[in-house]
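Peer 1: Got a structure for you, written out below as structure tokens; questions coming shortly.
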Amino acid sequence: MALVTSLLIADGDDFVSHQVPSLEMTFSGIPGHRHAGATRGADARTPWHKRGTPIANTRQVSIVSVEESAQIAAELGLTYLDPALLGANVVLGGLEGLTQLWPSTRLQFPSGATLFVTEPNTPCRQPGRKIARSHGESSLEFAFTKRARGLRGVVALVEREGVIAVGDAVRVIVPAYRGERARAVTA
């Protein structure tokens with residue numbers, strides 16, 4: 001069973017996250033979080049739009065797994081990789097293959113809060129820089145972008161409002177394809 005092992009928020013002007021016992025999820029994301037809002041500016045991830053153009057915010061919440069974070073750490077030669085360095089909001093344990101979840105998978109929590117997975121989160125240099133600084137090894141900045149491919153977690157938007165708390169069980173609802181109905185799976 002997948003469980004929330006920790007929750008983090010970056011509520012300052014920088015990219016620094018800190019742990020909290022619970023997070024409120026609203027249709028605009030996480031109140032006070034640096035990625036909150038119904039829209040965001042287009043960036044390198046959306047080159048079909050001019051940089052800075054307002055677009056729908058499909059990246060309100062960043063989700064990583066304990067298991068994939070451990071894999072990234074091993075790939076980088078580290079004993080531990082703090083999810084706060086990845087800019088994560090929700091850290092899940094017990095969900096193998098988080099990054100491989102299909103877009104439109106839903107993650108539902110006991111309060112009813114539901115996160116709609118929009119895409120895998122591509123490794124970028126910003127967390128790489130934080131990892132490099134934290135471990136005093138400049139080569140980790142670029143190594144992260146290569147070694148974390150397929151392991152960086154997913155980003156999501158808030159489909160249903162509610163509160164997520166540390167220790168919550170997560171219901172994974174896989175999308176319907178080829179005429180099948182959506183179904184919940186045990187993670």
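Ordering of the structure tokens sets the chain letters (A, B, ...); residue numbers start at 1 within each chain; ligands are numbered from 1 in the order shown.
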With a distance cut-off of 12 Å and only C-alpha atoms, select the neighbouring residues of A:Asn121, excluding the residue or stretch itself and same-chain residues fewer than 4 positions from it, and output the selection as a ChimeraX atom specification.
Peer 2: /A:45,58-64,86-88,98-101,103,117,127,145,148-156
Peer 1: Now that the selection is made, can you save its residues with N, CA and C atoms as a short mmCIF file (atom, residue, chain, number, x, y, z; two decimals), in the first residue's frame?
Peer 2:
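File again32.cif, as written:
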data_model
loop_
_atom_site.label_atom_id
_atom_site.label_comp_id
_atom_site.auth_asym_id
_atom_site.auth_seq_id
_atom_site.Cartn_x
_atom_site.Cartn_y
_atom_site.Cartn_z
N ARG A 45 10.00 23.83 -20.86
CA ARG A 45 9.21 22.61 -21.01
C ARG A 45 8.09 22.77 -22.03
N THR A 58 -0.30 23.01 -15.11
CA THR A 58 -0.44 21.57 -14.97
C THR A 58 0.63 20.98 -14.07
N ARG A 59 1.39 21.86 -13.39
CA ARG A 59 2.52 21.45 -12.55
C ARG A 59 2.35 22.00 -11.12
N GLN A 60 1.15 21.96 -10.59
CA GLN A 60 0.88 22.53 -9.27
C GLN A 60 1.55 21.75 -8.14
N VAL A 61 1.66 20.43 -8.30
CA VAL A 61 2.16 19.57 -7.22
C VAL A 61 3.21 18.62 -7.79
N SER A 62 4.34 18.52 -7.09
CA SER A 62 5.42 17.60 -7.47
C SER A 62 5.39 16.41 -6.52
N ILE A 63 5.39 15.21 -7.10
CA ILE A 63 5.28 13.97 -6.32
C ILE A 63 6.47 13.08 -6.62
N VAL A 64 7.15 12.61 -5.60
CA VAL A 64 8.27 11.68 -5.76
C VAL A 64 8.05 10.47 -4.86
N LEU A 86 14.76 17.98 -4.27
CA LEU A 86 14.11 17.75 -5.56
C LEU A 86 12.93 18.69 -5.78
N GLY A 87 12.61 19.51 -4.80
CA GLY A 87 11.46 20.40 -4.92
C GLY A 87 10.14 19.66 -4.78
N ALA A 88 10.17 18.50 -4.13
CA ALA A 88 8.97 17.68 -3.98
C ALA A 88 7.98 18.30 -3.01
N LEU A 98 6.52 4.96 -9.75
CA LEU A 98 5.74 6.20 -9.75
C LEU A 98 5.91 6.98 -11.05
N THR A 99 7.14 7.16 -11.49
CA THR A 99 7.40 7.97 -12.68
C THR A 99 6.78 7.36 -13.94
N GLN A 100 6.51 6.08 -13.92
CA GLN A 100 5.93 5.42 -15.09
C GLN A 100 4.39 5.44 -15.08
N LEU A 101 3.78 6.07 -14.08
CA LEU A 101 2.31 6.17 -14.09
C LEU A 101 1.87 6.91 -15.35
N PRO A 103 -0.10 9.48 -17.62
CA PRO A 103 -0.80 10.75 -17.42
C PRO A 103 -2.30 10.46 -17.32
N VAL A 117 -2.46 13.31 -12.34
CA VAL A 117 -1.09 13.28 -12.88
C VAL A 117 -1.12 13.80 -14.31
N PRO A 127 17.26 21.40 -9.34
CA PRO A 127 17.52 20.50 -8.21
C PRO A 127 18.94 19.93 -8.25
N THR A 145 20.80 15.36 -13.91
CA THR A 145 19.92 15.44 -15.09
C THR A 145 20.00 14.17 -15.94
N ALA A 148 18.81 10.75 -13.25
CA ALA A 148 17.45 10.74 -12.69
C ALA A 148 16.37 10.55 -13.75
N ARG A 149 16.77 10.37 -15.01
CA ARG A 149 15.77 10.16 -16.06
C ARG A 149 14.92 8.93 -15.75
N GLY A 150 13.61 9.11 -15.85
CA GLY A 150 12.69 8.02 -15.57
C GLY A 150 12.48 7.72 -14.10
N LEU A 151 13.07 8.57 -13.22
CA LEU A 151 12.98 8.35 -11.77
C LEU A 151 12.59 9.61 -11.00
N ARG A 152 12.32 10.70 -11.68
CA ARG A 152 12.15 12.03 -11.05
C ARG A 152 10.76 12.25 -10.47
N GLY A 153 9.85 11.30 -10.66
CA GLY A 153 8.50 11.46 -10.15
C GLY A 153 7.58 12.07 -11.19
N VAL A 154 6.47 12.58 -10.73
CA VAL A 154 5.45 13.14 -11.62
C VAL A 154 4.99 14.48 -11.09
N VAL A 155 4.34 15.24 -11.97
CA VAL A 155 3.69 16.47 -11.55
C VAL A 155 2.19 16.31 -11.78
N ALA A 156 1.42 17.08 -11.04
CA ALA A 156 -0.03 16.92 -11.06
C ALA A 156 -0.72 18.25 -10.82
#
Peer 1: Using only C-alpha atoms, which residues sit within 9 Å of stretch 129-131 of chain A once same-chain residues fewer than 4 positions away are excluded, as an NGL selection string?
Peer 2: :A and (15-16 or 81-82 or 85-86 or 125 or 135-138 or 140-142 or 144)
Peer 1: Can you pull out every residue within 8 Å of A:Gly52, counting only C-alpha atoms, but drop anything in the same chain fewer than 6 positions away, and send it as a PyMOL selection string?
Peer 2: chain A and resi 40-43
Peer 1: Output C-alpha atoms for every residue in the selection just made, as a JSON list (two decimals), in the first residue's frame.
Peer 2:
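New file part-v9.json:
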[["chain", "number", "residue", "atom", "x", "y", "z"],
["A", 40, "ARG", "CA", 2.04, 29.70, -14.95],
["A", 41, "GLY", "CA", 4.44, 31.19, -17.46],
["A", 42, "ALA", "CA", 5.55, 29.05, -20.40],
["A", 43, "ASP", "CA", 9.14, 27.90, -20.03]]
Peer 1: Record the distance separating atom CA of A:Val174 and atom CA of A:Gln108, expressed in Å with one decimal.
Peer 2: 11.0 Å
Peer 1: Run DSSP on the backbone of this structure and report the residues of stretch 23-86 of chain A it assigns to strand (DSSP E or B), as a list in words.
Peer 2: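 Residues of stretch 23-86 of chain A classed as strand (DSSP E or B): Leu23, Glu24, Met25, Thr26, Gly29, Thr39, Arg40, Gly41, Pro54, Ile55, Ala56, Val61, Ser62, Ile63, Val64 and Ser65 of chain A.
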Peer 1: Just to be explicit: take each residue in the selection above, keep C-alpha atoms, and write the result as an mmCIF file, in the first residue's frame.
Peer 2:
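Ended up saving to part08.cif:
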data_model
loop_
_atom_site.group_PDB
_atom_site.id
_atom_site.type_symbol
_atom_site.label_atom_id
_atom_site.label_comp_id
_atom_site.auth_asym_id
_atom_site.auth_seq_id
_atom_site.Cartn_x
_atom_site.Cartn_y
_atom_site.Cartn_z
ATOM 1 C CA LEU A 23 -0.974 20.299 2.993
ATOM 2 C CA GLU A 24 -4.200 21.878 1.858
ATOM 3 C CA MET A 25 -4.928 21.205 -1.814
ATOM 4 C CA THR A 26 -7.043 23.795 -3.640
ATOM 5 C CA GLY A 29 -2.602 24.144 -5.961
ATOM 6 C CA THR A 39 -1.723 29.583 -14.590
ATOM 7 C CA ARG A 40 2.042 29.704 -14.952
ATOM 8 C CA GLY A 41 4.436 31.194 -17.462
ATOM 9 C CA PRO A 54 0.424 32.532 -19.427
ATOM 10 C CA ILE A 55 -0.657 28.883 -19.776
ATOM 11 C CA ALA A 56 -2.665 26.480 -17.595
ATOM 12 C CA VAL A 61 2.157 19.571 -7.222
ATOM 13 C CA SER A 62 5.424 17.604 -7.467
ATOM 14 C CA ILE A 63 5.278 13.971 -6.318
ATOM 15 C CA VAL A 64 8.271 11.678 -5.759
ATOM 16 C CA SER A 65 8.708 8.229 -4.271
#
Peer 1: Which of chain A end up as alpha helix (DSSP H) when DSSP is run on this backbone - answer as an NGL selection string?
Peer 2: :A and (66-76 or 125-135 or 140-147)
Peer 1: So, with only C-alpha atoms as the atoms that count, which of A:Leu76, A:Ala113, A:Ala2, A:Leu7 lies closest to A:Leu157?
Peer 2: A:Ala113
Peer 1: Using only C-alpha atoms, which residues sit within 12 Å of A:Thr79 once same-chain residues fewer than 4 positions away are excluded, as a ChimeraX atom specification?
Peer 2: /A:69-75,135
Peer 1: Can you tell me, as a PyMOL selection string, what residues are no more than 10 Å from A:Leu107 when counting only C-alpha atoms, ignoring any on the same chain fewer than 5 positions away?
Peer 2: chain A and resi 112-117+156+158-159+169-174+184
Peer 1: Rounded to one decimal in Å, what is the spacing between atom CA of A:Leu8 and atom CA of A:Leu92?
Peer 2: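 According to the coordinates, atom CA of A:Leu8 and atom CA of A:Leu92 are separated by 11.8 Å.
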Peer 1: Could you name the residues that touch A:Gly93 at 7 Å or less, counting only C-alpha atoms, but leaving out those on the same chain fewer than 2 positions away, as a list in words?
Peer 2: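 The residues satisfying every condition are Ala2, Leu3, Val4, Thr5, Ser65, Val66, Glu67, Val91 and Leu95 of chain A.
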Peer 1: Please compute the atom CA of A:Thr122-atom CA of A:Asp11 distance, one decimal, in Å.
Peer 2: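 Going from atom CA of A:Thr122 over to atom CA of A:Asp11 covers 22.0 Å.
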Peer 1: My list of candidates is A:Thr53, A:Ser134, A:Ser139, A:Ser104. Which is closest to A:Thr118 when distances are computed with only C-alpha atoms?
Peer 2: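 Residue with the minimum atom-to-atom distance to A:Thr118: A:Ser104.
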Peer 1: Between A:Trp48, A:Gly77, A:Ser6, A:Gln126, which is the closest to A:Ser22 once you count only C-alpha atoms?
Peer 2: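 Using only C-alpha atoms, A:Ser22 sits closest to A:Ser6.
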